[in-house]
$ cat query_1.csv   # CSV, N, CA and C atoms
chain,number,residue,atom,x,y,z
O,22,MET,N,0.8,-1.2,0.0
O,22,MET,CA,0.0,0.0,0.0
O,22,MET,C,0.9,1.2,0.0
O,23,ASN,N,0.5,2.2,-0.8
O,23,ASN,CA,1.2,3.5,-0.7
O,23,ASN,C,0.6,4.4,0.3
O,24,LYS,N,1.3,5.5,0.5
O,24,LYS,CA,0.9,6.4,1.6
O,24,LYS,C,-0.6,6.9,1.4
O,25,TYR,N,-1.0,7.2,0.2
O,25,TYR,CA,-2.3,7.7,0.0
O,25,TYR,C,-3.4,6.6,0.4
O,26,GLU,N,-3.1,5.4,0.0
O,26,GLU,CA,-4.0,4.3,0.3
O,26,GLU,C,-4.1,4.0,1.8
O,27,LEU,N,-2.9,4.2,2.5
O,27,LEU,CA,-2.9,4.0,4.0
O,27,LEU,C,-3.7,5.1,4.6
O,28,LEU,N,-3.6,6.4,4.1
O,28,LEU,CA,-4.3,7.5,4.7
O,28,LEU,C,-5.8,7.3,4.4
O,29,LYS,N,-6.2,6.9,3.3
O,29,LYS,CA,-7.6,6.6,3.0
O,29,LYS,C,-8.2,5.5,3.9
O,30,GLU,N,-7.4,4.5,4.1
O,30,GLU,CA,-7.8,3.4,5.0
O,30,GLU,C,-8.0,3.9,6.4
O,31,LYS,N,-7.1,4.8,6.9
O,31,LYS,CA,-7.2,5.3,8.2
O,31,LYS,C,-8.5,6.1,8.4
O,32,GLN,N,-8.8,6.9,7.4
O,32,GLN,CA,-10.1,7.7,7.5
O,32,GLN,C,-11.3,6.8,7.5
O,33,GLU,N,-11.2,5.6,6.9
O,33,GLU,CA,-12.3,4.7,7.0
O,33,GLU,C,-12.5,3.9,8.3
O,34,LEU,N,-11.4,4.0,9.1
O,34,LEU,CA,-11.4,3.3,10.4
O,34,LEU,C,-11.7,4.2,11.6
O,35,ARG,N,-12.6,5.1,11.3
O,35,ARG,CA,-13.1,6.1,12.3
O,35,ARG,C,-13.7,5.2,13.5
O,36,GLY,N,-13.3,5.6,14.7
O,36,GLY,CA,-13.8,4.9,15.9
O,36,GLY,C,-12.9,3.9,16.4
O,37,THR,N,-11.8,3.7,15.7
O,37,THR,CA,-10.8,2.7,16.2
O,37,THR,C,-9.7,3.4,17.0
O,38,ILE,N,-8.9,2.7,17.8
O,38,ILE,CA,-7.8,3.3,18.4
O,38,ILE,C,-6.8,3.8,17.4
O,39,TYR,N,-6.6,3.1,16.3
O,39,TYR,CA,-5.7,3.5,15.2
O,39,TYR,C,-6.1,4.9,14.7
O,40,TYR,N,-7.4,5.1,14.5
O,40,TYR,CA,-7.8,6.4,14.0
O,40,TYR,C,-7.7,7.5,15.0
O,41,ASP,N,-8.1,7.2,16.2
O,41,ASP,CA,-8.2,8.2,17.3
O,41,ASP,C,-6.8,8.6,17.9
O,42,PHE,N,-5.9,7.7,18.0
O,42,PHE,CA,-4.7,8.0,18.8
O,42,PHE,C,-3.3,7.7,18.1
O,43,VAL,N,-3.3,6.9,17.1
O,43,VAL,CA,-2.0,6.5,16.4
O,43,VAL,C,-1.7,7.6,15.4
O,44,LYS,N,-0.6,8.2,15.5
O,44,LYS,CA,-0.2,9.3,14.6
O,44,LYS,C,0.3,8.8,13.3
O,45,SER,N,1.0,7.6,13.3
O,45,SER,CA,1.7,7.1,12.0
O,45,SER,C,0.7,6.4,11.2
O,46,LEU,N,1.1,6.1,10.0
O,46,LEU,CA,0.3,5.2,9.0
O,46,LEU,C,1.0,3.9,9.0
O,47,ASN,N,0.3,2.8,9.2
O,47,ASN,CA,0.9,1.5,9.3
O,47,ASN,C,0.1,0.6,8.4
O,48,LYS,N,0.8,-0.3,7.7
O,48,LYS,CA,0.2,-1.4,6.9
O,48,LYS,C,-0.6,-2.3,7.8
O,49,ASN,N,0.0,-2.9,8.8
O,49,ASN,CA,-0.6,-3.8,9.7
O,49,ASN,C,-0.6,-3.1,11.1
O,50,SER,N,-1.7,-3.2,11.9
O,50,SER,CA,-1.7,-2.6,13.2
O,50,SER,C,-2.8,-3.3,14.0
O,51,ILE,N,-2.5,-3.7,15.2
O,51,ILE,CA,-3.5,-4.3,16.1
O,51,ILE,C,-4.5,-3.2,16.4
O,52,TYR,N,-4.1,-1.9,16.4
O,52,TYR,CA,-5.0,-0.8,16.7
O,52,TYR,C,-6.2,-0.7,15.7
O,53,LYS,N,-6.0,-1.2,14.5
O,53,LYS,CA,-7.1,-1.2,13.5
O,53,LYS,C,-8.2,-2.1,13.9
O,54,SER,N,-7.9,-3.1,14.8
O,54,SER,CA,-8.9,-4.1,15.2
O,54,SER,C,-9.7,-3.7,16.4
O,55,ILE,N,-9.4,-2.6,17.0
O,55,ILE,CA,-10.1,-2.1,18.2
O,55,ILE,C,-11.1,-1.0,18.0
O,56,LEU,N,-12.3,-1.4,18.0
O,56,LEU,CA,-13.4,-0.4,17.6
O,56,LEU,C,-14.3,0.0,18.8
O,57,LEU,N,-14.5,1.3,19.0
O,57,LEU,CA,-15.4,1.8,20.0
O,57,LEU,C,-16.8,1.5,19.6
O,58,ARG,N,-17.6,0.8,20.4
O,58,ARG,CA,-19.0,0.5,20.1
O,58,ARG,C,-19.9,1.5,20.7
O,59,GLY,N,-19.5,2.1,21.8
O,59,GLY,CA,-20.3,3.1,22.4
O,59,GLY,C,-19.8,3.5,23.8
O,60,VAL,N,-20.4,4.6,24.3
O,60,VAL,CA,-20.1,5.1,25.6
O,60,VAL,C,-21.4,5.2,26.4
O,61,LYS,N,-21.4,4.6,27.6
O,61,LYS,CA,-22.6,4.7,28.4
O,61,LYS,C,-22.2,4.6,29.9
O,62,ASP,N,-22.8,5.5,30.7
O,62,ASP,CA,-22.6,5.4,32.2
O,62,ASP,C,-21.1,5.4,32.5
O,63,ARG,N,-20.4,6.3,31.9
O,63,ARG,CA,-18.9,6.6,32.1
O,63,ARG,C,-18.1,5.3,31.8
O,64,THR,N,-18.6,4.5,30.9
O,64,THR,CA,-17.9,3.3,30.5
O,64,THR,C,-17.8,3.3,28.9
O,65,ALA,N,-16.6,3.1,28.4
O,65,ALA,CA,-16.4,3.0,27.0
O,65,ALA,C,-16.4,1.5,26.6
O,66,PHE,N,-17.2,1.1,25.6
O,66,PHE,CA,-17.3,-0.3,25.2
O,66,PHE,C,-16.6,-0.5,23.9
O,67,TYR,N,-15.6,-1.4,23.9
O,67,TYR,CA,-14.8,-1.7,22.7
O,67,TYR,C,-15.1,-3.1,22.3
O,68,GLU,N,-14.9,-3.3,21.0
O,68,GLU,CA,-14.9,-4.7,20.4
O,68,GLU,C,-13.7,-4.9,19.6
O,69,CYS,N,-13.0,-6.0,19.8
O,69,CYS,CA,-11.8,-6.3,19.0
O,69,CYS,C,-12.1,-7.6,18.2
O,70,GLU,N,-11.8,-7.4,16.9
O,70,GLU,CA,-11.9,-8.6,16.1
O,70,GLU,C,-10.9,-8.5,14.9
O,71,PRO,N,-10.6,-9.6,14.3
O,71,PRO,CA,-9.6,-9.6,13.3
O,71,PRO,C,-9.8,-8.6,12.2
O,72,TYR,N,-8.7,-7.8,11.9
O,72,TYR,CA,-8.8,-6.9,10.8
O,72,TYR,C,-7.7,-7.1,9.8
O,73,ASP,N,-6.5,-7.4,10.3
O,73,ASP,CA,-5.3,-7.6,9.4
O,73,ASP,C,-4.4,-8.6,10.1
O,74,ASP,N,-3.2,-8.8,9.5
O,74,ASP,CA,-2.3,-9.8,10.0
O,74,ASP,C,-1.7,-9.6,11.4
O,75,ALA,N,-1.9,-8.3,11.9
O,75,ALA,CA,-1.4,-8.0,13.3
O,75,ALA,C,-2.3,-8.7,14.3
O,76,TYR,N,-3.5,-9.1,13.9
O,76,TYR,CA,-4.5,-9.8,14.8
O,76,TYR,C,-4.6,-11.2,14.4
O,77,ARG,N,-3.7,-12.0,15.0
O,77,ARG,CA,-3.7,-13.4,14.6
O,77,ARG,C,-4.5,-14.3,15.6
O,78,CYS,N,-5.3,-15.2,15.1
O,78,CYS,CA,-6.1,-16.0,16.1
O,78,CYS,C,-6.5,-17.4,15.5
O,79,SER,N,-5.7,-17.9,14.6
O,79,SER,CA,-6.1,-19.2,14.0
O,79,SER,C,-5.9,-20.4,14.9
O,80,ASP,N,-5.1,-20.2,16.0
O,80,ASP,CA,-5.0,-21.3,17.0
O,80,ASP,C,-4.9,-20.7,18.4
O,81,ASP,N,-4.9,-21.5,19.4
O,81,ASP,CA,-5.0,-21.0,20.8
O,81,ASP,C,-3.7,-20.1,21.1
O,82,ASP,N,-2.5,-20.6,20.7
O,82,ASP,CA,-1.3,-19.8,21.0
O,82,ASP,C,-1.4,-18.4,20.4
O,83,GLN,N,-1.8,-18.4,19.1
O,83,GLN,CA,-1.9,-17.1,18.4
O,83,GLN,C,-2.9,-16.2,19.1
O,84,PHE,N,-4.1,-16.8,19.4
O,84,PHE,CA,-5.1,-16.0,20.1
O,84,PHE,C,-4.6,-15.4,21.4
O,85,TYR,N,-3.9,-16.2,22.2
O,85,TYR,CA,-3.4,-15.8,23.5
O,85,TYR,C,-2.4,-14.6,23.2
O,86,ASP,N,-1.5,-14.8,22.3
O,86,ASP,CA,-0.6,-13.7,22.0
O,86,ASP,C,-1.3,-12.4,21.5
O,87,THR,N,-2.3,-12.6,20.7
O,87,THR,CA,-3.1,-11.4,20.3
O,87,THR,C,-3.8,-10.8,21.5
O,88,CYS,N,-4.4,-11.5,22.4
O,88,CYS,CA,-5.0,-11.0,23.7
O,88,CYS,C,-4.0,-10.2,24.5
O,89,LYS,N,-2.7,-10.7,24.6
O,89,LYS,CA,-1.7,-10.0,25.3
O,89,LYS,C,-1.3,-8.7,24.6
O,90,LYS,N,-1.3,-8.7,23.3
O,90,LYS,CA,-1.1,-7.4,22.5
O,90,LYS,C,-2.2,-6.4,22.8
O,91,LEU,N,-3.4,-6.9,22.9
O,91,LEU,CA,-4.6,-6.0,23.2
O,91,LEU,C,-4.5,-5.5,24.6
O,92,GLU,N,-4.1,-6.3,25.5
O,92,GLU,CA,-3.9,-5.8,26.9
O,92,GLU,C,-2.8,-4.7,26.9
O,93,ARG,N,-1.7,-4.9,26.2
O,93,ARG,CA,-0.7,-3.9,26.2
O,93,ARG,C,-1.2,-2.6,25.5
O,94,ALA,N,-2.0,-2.7,24.5
O,94,ALA,CA,-2.6,-1.6,23.8
O,94,ALA,C,-3.5,-0.8,24.8
O,95,PHE,N,-4.3,-1.4,25.6
O,95,PHE,CA,-5.1,-0.7,26.5
O,95,PHE,C,-4.3,-0.1,27.6
O,96,ASN,N,-3.3,-0.8,28.1
O,96,ASN,CA,-2.4,-0.2,29.1
O,96,ASN,C,-1.8,1.1,28.6
O,97,ARG,N,-1.5,1.1,27.3
O,97,ARG,CA,-0.8,2.3,26.7
O,97,ARG,C,-1.8,3.4,26.5
O,98,TYR,N,-3.0,3.2,26.1
O,98,TYR,CA,-4.0,4.2,25.7
O,98,TYR,C,-5.1,4.5,26.6
O,99,TYR,N,-5.3,3.8,27.8
O,99,TYR,CA,-6.5,3.9,28.6
O,99,TYR,C,-6.6,5.4,29.1
O,100,LYS,N,-5.6,6.1,29.5
O,100,LYS,CA,-5.7,7.4,30.0
O,100,LYS,C,-6.2,8.4,28.9
O,101,ARG,N,-5.7,8.2,27.7
O,101,ARG,CA,-6.2,9.0,26.6
O,101,ARG,C,-7.7,8.7,26.2
O,102,ILE,N,-8.0,7.5,26.3
O,102,ILE,CA,-9.4,7.1,26.1
O,102,ILE,C,-10.3,7.7,27.2
O,103,PHE,N,-9.9,7.6,28.5
O,103,PHE,CA,-10.7,8.2,29.5
O,103,PHE,C,-10.9,9.7,29.3
O,104,GLU,N,-9.8,10.4,28.9
O,104,GLU,CA,-9.9,11.8,28.7
O,104,GLU,C,-10.8,12.2,27.5
O,105,LYS,N,-10.5,11.5,26.3
O,105,LYS,CA,-11.3,11.8,25.1
O,105,LYS,C,-12.8,11.6,25.3
O,106,TYR,N,-13.2,10.5,25.9
O,106,TYR,CA,-14.6,10.1,26.0
O,106,TYR,C,-15.2,10.4,27.3
O,107,GLY,N,-14.5,11.0,28.3
O,107,GLY,CA,-15.1,11.3,29.6
O,107,GLY,C,-15.5,10.1,30.3
O,108,VAL,N,-14.8,9.1,30.3
O,108,VAL,CA,-15.1,7.8,31.0
O,108,VAL,C,-14.1,7.5,32.0
O,109,ASP,N,-14.4,6.5,32.9
O,109,ASP,CA,-13.4,6.1,33.9
O,109,ASP,C,-13.4,4.5,33.9
O,110,ASN,N,-14.0,3.9,33.0
O,110,ASN,CA,-13.9,2.4,32.8
O,110,ASN,C,-14.0,2.1,31.3
O,111,ILE,N,-13.3,1.0,31.0
O,111,ILE,CA,-13.4,0.4,29.7
O,111,ILE,C,-13.7,-1.0,29.7
O,112,THR,N,-14.6,-1.5,28.9
O,112,THR,CA,-15.0,-2.9,28.8
O,112,THR,C,-14.7,-3.3,27.3
O,113,VAL,N,-14.0,-4.5,27.2
O,113,VAL,CA,-13.6,-4.9,25.9
O,113,VAL,C,-14.0,-6.4,25.6
O,114,ASP,N,-14.7,-6.6,24.5
O,114,ASP,CA,-15.0,-7.9,24.0
O,114,ASP,C,-14.0,-8.3,23.0
O,115,ILE,N,-13.4,-9.5,23.1
O,115,ILE,CA,-12.3,-9.9,22.2
O,115,ILE,C,-12.8,-11.1,21.4
O,116,TYR,N,-12.8,-11.0,20.1
O,116,TYR,CA,-13.3,-12.1,19.3
O,116,TYR,C,-12.1,-12.8,18.6
O,117,ASP,N,-12.3,-14.1,18.4
O,117,ASP,CA,-11.4,-14.8,17.5
O,117,ASP,C,-12.1,-14.8,16.2
O,118,GLN,N,-11.8,-15.7,15.3
O,118,GLN,CA,-12.5,-15.6,14.0
O,118,GLN,C,-14.0,-16.0,14.0
O,119,TYR,N,-14.4,-16.6,15.1
O,119,TYR,CA,-15.8,-17.1,15.2
O,119,TYR,C,-16.7,-16.4,16.2
O,120,SER,N,-16.2,-16.1,17.3
O,120,SER,CA,-17.1,-15.6,18.4
O,120,SER,C,-16.3,-14.9,19.5
O,121,CYS,N,-17.0,-14.3,20.4
O,121,CYS,CA,-16.4,-13.6,21.5
O,121,CYS,C,-15.8,-14.6,22.4
O,122,ASN,N,-14.5,-14.6,22.6
O,122,ASN,CA,-13.8,-15.6,23.2
O,122,ASN,C,-13.0,-15.2,24.5
O,123,ALA,N,-12.9,-13.9,24.7
O,123,ALA,CA,-12.2,-13.3,25.8
O,123,ALA,C,-12.6,-11.9,26.1
O,124,GLY,N,-12.1,-11.3,27.1
O,124,GLY,CA,-12.5,-9.9,27.4
O,124,GLY,C,-11.5,-9.3,28.4
O,125,LEU,N,-11.6,-8.0,28.5
O,125,LEU,CA,-10.8,-7.3,29.5
O,125,LEU,C,-11.5,-6.1,29.9
O,126,SER,N,-11.2,-5.6,31.1
O,126,SER,CA,-11.7,-4.4,31.7
O,126,SER,C,-10.6,-3.5,32.2
O,127,VAL,N,-10.7,-2.2,32.0
O,127,VAL,CA,-9.7,-1.3,32.6
O,127,VAL,C,-10.5,-0.3,33.5
O,128,TYR,N,-10.0,-0.2,34.7
O,128,TYR,CA,-10.7,0.7,35.7
O,128,TYR,C,-10.0,2.0,35.9
O,129,SER,N,-10.6,2.9,36.6
O,129,SER,CA,-10.1,4.3,36.7
O,129,SER,C,-8.7,4.3,37.4
O,130,ASP,N,-8.4,3.3,38.2
O,130,ASP,CA,-7.0,3.3,38.8
O,130,ASP,C,-6.0,2.7,37.9
O,131,GLY,N,-6.3,2.3,36.7
O,131,GLY,CA,-5.4,1.7,35.7
O,131,GLY,C,-5.3,0.2,35.8
O,132,ARG,N,-6.0,-0.4,36.8
O,132,ARG,CA,-6.0,-1.8,36.9
O,132,ARG,C,-6.7,-2.5,35.7
O,133,VAL,N,-6.1,-3.6,35.2
O,133,VAL,CA,-6.7,-4.3,34.1
O,133,VAL,C,-7.0,-5.7,34.6
O,134,GLU,N,-8.2,-6.1,34.3
O,134,GLU,CA,-8.7,-7.5,34.6
O,134,GLU,C,-8.9,-8.2,33.2
O,135,THR,N,-8.4,-9.4,33.1
O,135,THR,CA,-8.7,-10.1,31.9
O,135,THR,C,-9.5,-11.4,32.1
O,136,SER,N,-10.2,-11.8,31.1
O,136,SER,CA,-11.0,-13.1,31.3
O,136,SER,C,-10.7,-13.9,30.1
O,137,ASN,N,-10.4,-15.2,30.3
O,137,ASN,CA,-10.2,-16.2,29.3
O,137,ASN,C,-8.9,-16.1,28.6
O,138,PHE,N,-7.9,-15.4,29.2
O,138,PHE,CA,-6.5,-15.5,28.7
O,138,PHE,C,-5.5,-15.2,29.7

$ encode --input "query_1.csv" --output "structure tokens"
Amino acid sequence: MNKYELLKEKQELRGTIYYDFVKSLNKNSIYKSILLRGVKDRTAFYECEPYDDAYRCSDDDQFYDTCKKLERAFNRYYKRIFEKYGVDNITVDIYDQYSCNAGLSVYSDGRVETSNF
């Protein structure tokens, strides 16, 4: 992909962490797979599902590695998410190629709880 194509793709990914917070243009990025589904009662609800090769989930080991990448992503961006959306909690549904298979929550004190990984 050339720079123009990457910029166009980024514009189409409105609502993702990639669009909201990542300054660079990347061919593959786990942040493209993290989509804000809504904000309610001071909680941001995100959904993560395969978008490109950065989100690997064809077997249990790959899915576990992807879940750990997602955990690091939220550790990195949770304060900015809190500020941008006026929330103090984040709830995340993590999908493999078939269904919701894991989740995580980030609380106002920065504590992260994971489920099923």

$ select_by_dssp --input "query_1.csv" --residues "segment 89-129 of chain O" --states "helix (DSSP H, G or I)" --output "PyMOL selection string"
chain O and resi 89-106

$ residues_near_point --input "query_1.csv" --point "(-14.8, -5.4, 26.4)" --cutoff "7 Å" --atoms "all atoms listed in the file" --output "ChimeraX atom specification"
/O:66-69,111-115,123-126

$ atom_distance --input "query_1.csv" --atom1 "atom CA of Gln32 of chain O" --atom2 "atom CA of Asp117 of chain O"
24.7 Å

$ residues_around --input "query_1.csv" --residues "segment 50-64 of chain O" --least-positions-apart "5" --cutoff "9 Å" --atoms "only C-alpha atoms" --output "VMD selection string"
chain O and resid 31 34 to 40 43 69 to 76 87 90 to 91 94 103 106 to 113

$ closest_residue --input "query_1.csv" --among "O:Glu134, O:Asp81, O:Glu33, O:Asp41" --to "Asn122 of chain O" --atoms "only C-alpha atoms"
O:Asp81

$ select_by_dssp --input "query_1.csv" --residues "chain O" --states "strand (DSSP E)" --output "PyMOL selection string"
chain O and resi 55-61+64-69+110-116+121-128+133-136

$ write_last_selection --input "query_1.csv" --atoms "N, CA and C atoms" --output "mmCIF file, keeping the file's coordinate frame"
data_model
loop_
_atom_site.group_PDB
_atom_site.id
_atom_site.type_symbol
_atom_site.label_atom_id
_atom_site.label_comp_id
_atom_site.auth_asym_id
_atom_site.auth_seq_id
_atom_site.Cartn_x
_atom_site.Cartn_y
_atom_site.Cartn_z
ATOM 1 N N ILE O 55 -9.400 -2.600 17.000
ATOM 2 C CA ILE O 55 -10.100 -2.100 18.200
ATOM 3 C C ILE O 55 -11.100 -1.000 18.000
ATOM 4 N N LEU O 56 -12.300 -1.400 18.000
ATOM 5 C CA LEU O 56 -13.400 -0.400 17.600
ATOM 6 C C LEU O 56 -14.300 0.000 18.800
ATOM 7 N N LEU O 57 -14.500 1.300 19.000
ATOM 8 C CA LEU O 57 -15.400 1.800 20.000
ATOM 9 C C LEU O 57 -16.800 1.500 19.600
ATOM 10 N N ARG O 58 -17.600 0.800 20.400
ATOM 11 C CA ARG O 58 -19.000 0.500 20.100
ATOM 12 C C ARG O 58 -19.900 1.500 20.700
ATOM 13 N N GLY O 59 -19.500 2.100 21.800
ATOM 14 C CA GLY O 59 -20.300 3.100 22.400
ATOM 15 C C GLY O 59 -19.800 3.500 23.800
ATOM 16 N N VAL O 60 -20.400 4.600 24.300
ATOM 17 C CA VAL O 60 -20.100 5.100 25.600
ATOM 18 C C VAL O 60 -21.400 5.200 26.400
ATOM 19 N N LYS O 61 -21.400 4.600 27.600
ATOM 20 C CA LYS O 61 -22.600 4.700 28.400
ATOM 21 C C LYS O 61 -22.200 4.600 29.900
ATOM 22 N N THR O 64 -18.600 4.500 30.900
ATOM 23 C CA THR O 64 -17.900 3.300 30.500
ATOM 24 C C THR O 64 -17.800 3.300 28.900
ATOM 25 N N ALA O 65 -16.600 3.100 28.400
ATOM 26 C CA ALA O 65 -16.400 3.000 27.000
ATOM 27 C C ALA O 65 -16.400 1.500 26.600
ATOM 28 N N PHE O 66 -17.200 1.100 25.600
ATOM 29 C CA PHE O 66 -17.300 -0.300 25.200
ATOM 30 C C PHE O 66 -16.600 -0.500 23.900
ATOM 31 N N TYR O 67 -15.600 -1.400 23.900
ATOM 32 C CA TYR O 67 -14.800 -1.700 22.700
ATOM 33 C C TYR O 67 -15.100 -3.100 22.300
ATOM 34 N N GLU O 68 -14.900 -3.300 21.000
ATOM 35 C CA GLU O 68 -14.900 -4.700 20.400
ATOM 36 C C GLU O 68 -13.700 -4.900 19.600
ATOM 37 N N CYS O 69 -13.000 -6.000 19.800
ATOM 38 C CA CYS O 69 -11.800 -6.300 19.000
ATOM 39 C C CYS O 69 -12.100 -7.600 18.200
ATOM 40 N N ASN O 110 -14.000 3.900 33.000
ATOM 41 C CA ASN O 110 -13.900 2.400 32.800
ATOM 42 C C ASN O 110 -14.000 2.100 31.300
ATOM 43 N N ILE O 111 -13.300 1.000 31.000
ATOM 44 C CA ILE O 111 -13.400 0.400 29.700
ATOM 45 C C ILE O 111 -13.700 -1.000 29.700
ATOM 46 N N THR O 112 -14.600 -1.500 28.900
ATOM 47 C CA THR O 112 -15.000 -2.900 28.800
ATOM 48 C C THR O 112 -14.700 -3.300 27.300
ATOM 49 N N VAL O 113 -14.000 -4.500 27.200
ATOM 50 C CA VAL O 113 -13.600 -4.900 25.900
ATOM 51 C C VAL O 113 -14.000 -6.400 25.600
ATOM 52 N N ASP O 114 -14.700 -6.600 24.500
ATOM 53 C CA ASP O 114 -15.000 -7.900 24.000
ATOM 54 C C ASP O 114 -14.000 -8.300 23.000
ATOM 55 N N ILE O 115 -13.400 -9.500 23.100
ATOM 56 C CA ILE O 115 -12.300 -9.900 22.200
ATOM 57 C C ILE O 115 -12.800 -11.100 21.400
ATOM 58 N N TYR O 116 -12.800 -11.000 20.100
ATOM 59 C CA TYR O 116 -13.300 -12.100 19.300
ATOM 60 C C TYR O 116 -12.100 -12.800 18.600
ATOM 61 N N CYS O 121 -17.000 -14.300 20.400
ATOM 62 C CA CYS O 121 -16.400 -13.600 21.500
ATOM 63 C C CYS O 121 -15.800 -14.600 22.400
ATOM 64 N N ASN O 122 -14.500 -14.600 22.600
ATOM 65 C CA ASN O 122 -13.800 -15.600 23.200
ATOM 66 C C ASN O 122 -13.000 -15.200 24.500
ATOM 67 N N ALA O 123 -12.900 -13.900 24.700
ATOM 68 C CA ALA O 123 -12.200 -13.300 25.800
ATOM 69 C C ALA O 123 -12.600 -11.900 26.100
ATOM 70 N N GLY O 124 -12.100 -11.300 27.100
ATOM 71 C CA GLY O 124 -12.500 -9.900 27.400
ATOM 72 C C GLY O 124 -11.500 -9.300 28.400
ATOM 73 N N LEU O 125 -11.600 -8.000 28.500
ATOM 74 C CA LEU O 125 -10.800 -7.300 29.500
ATOM 75 C C LEU O 125 -11.500 -6.100 29.900
ATOM 76 N N SER O 126 -11.200 -5.600 31.100
ATOM 77 C CA SER O 126 -11.700 -4.400 31.700
ATOM 78 C C SER O 126 -10.600 -3.500 32.200
ATOM 79 N N VAL O 127 -10.700 -2.200 32.000
ATOM 80 C CA VAL O 127 -9.700 -1.300 32.600
ATOM 81 C C VAL O 127 -10.500 -0.300 33.500
ATOM 82 N N TYR O 128 -10.000 -0.200 34.700
ATOM 83 C CA TYR O 128 -10.700 0.700 35.700
ATOM 84 C C TYR O 128 -10.000 2.000 35.900
ATOM 85 N N VAL O 133 -6.100 -3.600 35.200
ATOM 86 C CA VAL O 133 -6.700 -4.300 34.100
ATOM 87 C C VAL O 133 -7.000 -5.700 34.600
ATOM 88 N N GLU O 134 -8.200 -6.100 34.300
ATOM 89 C CA GLU O 134 -8.700 -7.500 34.600
ATOM 90 C C GLU O 134 -8.900 -8.200 33.200
ATOM 91 N N THR O 135 -8.400 -9.400 33.100
ATOM 92 C CA THR O 135 -8.700 -10.100 31.900
ATOM 93 C C THR O 135 -9.500 -11.400 32.100
ATOM 94 N N SER O 136 -10.200 -11.800 31.100
ATOM 95 C CA SER O 136 -11.000 -13.100 31.300
ATOM 96 C C SER O 136 -10.700 -13.900 30.100
#

$ atom_distance --input "query_1.csv" --atom1 "atom C of Asp86 of chain O" --atom2 "atom C of Ser120 of chain O"
15.3 Å

$ atom_distance --input "query_1.csv" --atom1 "atom CA of Arg97 of chain O" --atom2 "atom CA of Lys44 of chain O"
14.0 Å

$ closest_residue --input "query_1.csv" --among "O:Arg132, O:Lys48, O:Phe138, O:Arg101" --to "Phe84 of chain O" --atoms "only C-alpha atoms"
O:Phe138

$ closest_residue --input "query_1.csv" --among "O:Ala65, O:Met22, O:Arg77, O:Asp82" --to "Leu46 of chain O" --atoms "only C-alpha atoms"
O:Met22

$ build_atoms --input "query_1.csv" --residues "segment 24-34 of chain O" --atoms "N, CA, C and O atoms" --output "tab-separated table (two decimals), in the coordinates of the input"
chain	number	residue	atom	x	y	z
O	24	LYS	N	1.30	5.50	0.50
O	24	LYS	CA	0.90	6.40	1.60
O	24	LYS	C	-0.60	6.90	1.40
O	24	LYS	O	-1.30	7.00	2.42
O	25	TYR	N	-1.00	7.20	0.20
O	25	TYR	CA	-2.30	7.70	0.00
O	25	TYR	C	-3.40	6.60	0.40
O	25	TYR	O	-4.37	6.90	0.98
O	26	GLU	N	-3.10	5.40	0.00
O	26	GLU	CA	-4.00	4.30	0.30
O	26	GLU	C	-4.10	4.00	1.80
O	26	GLU	O	-5.17	3.80	2.34
O	27	LEU	N	-2.90	4.20	2.50
O	27	LEU	CA	-2.90	4.00	4.00
O	27	LEU	C	-3.70	5.10	4.60
O	27	LEU	O	-4.47	4.91	5.58
O	28	LEU	N	-3.60	6.40	4.10
O	28	LEU	CA	-4.30	7.50	4.70
O	28	LEU	C	-5.80	7.30	4.40
O	28	LEU	O	-6.62	7.57	5.35
O	29	LYS	N	-6.20	6.90	3.30
O	29	LYS	CA	-7.60	6.60	3.00
O	29	LYS	C	-8.20	5.50	3.90
O	29	LYS	O	-9.27	5.68	4.43
O	30	GLU	N	-7.40	4.50	4.10
O	30	GLU	CA	-7.80	3.40	5.00
O	30	GLU	C	-8.00	3.90	6.40
O	30	GLU	O	-9.01	3.60	7.05
O	31	LYS	N	-7.10	4.80	6.90
O	31	LYS	CA	-7.20	5.30	8.20
O	31	LYS	C	-8.50	6.10	8.40
O	31	LYS	O	-9.15	5.98	9.40
O	32	GLN	N	-8.80	6.90	7.40
O	32	GLN	CA	-10.10	7.70	7.50
O	32	GLN	C	-11.30	6.80	7.50
O	32	GLN	O	-12.29	7.12	8.16
O	33	GLU	N	-11.20	5.60	6.90
O	33	GLU	CA	-12.30	4.70	7.00
O	33	GLU	C	-12.50	3.90	8.30
O	33	GLU	O	-13.46	3.29	8.58
O	34	LEU	N	-11.40	4.00	9.10
O	34	LEU	CA	-11.40	3.30	10.40
O	34	LEU	C	-11.70	4.20	11.60
O	34	LEU	O	-11.24	4.06	12.67
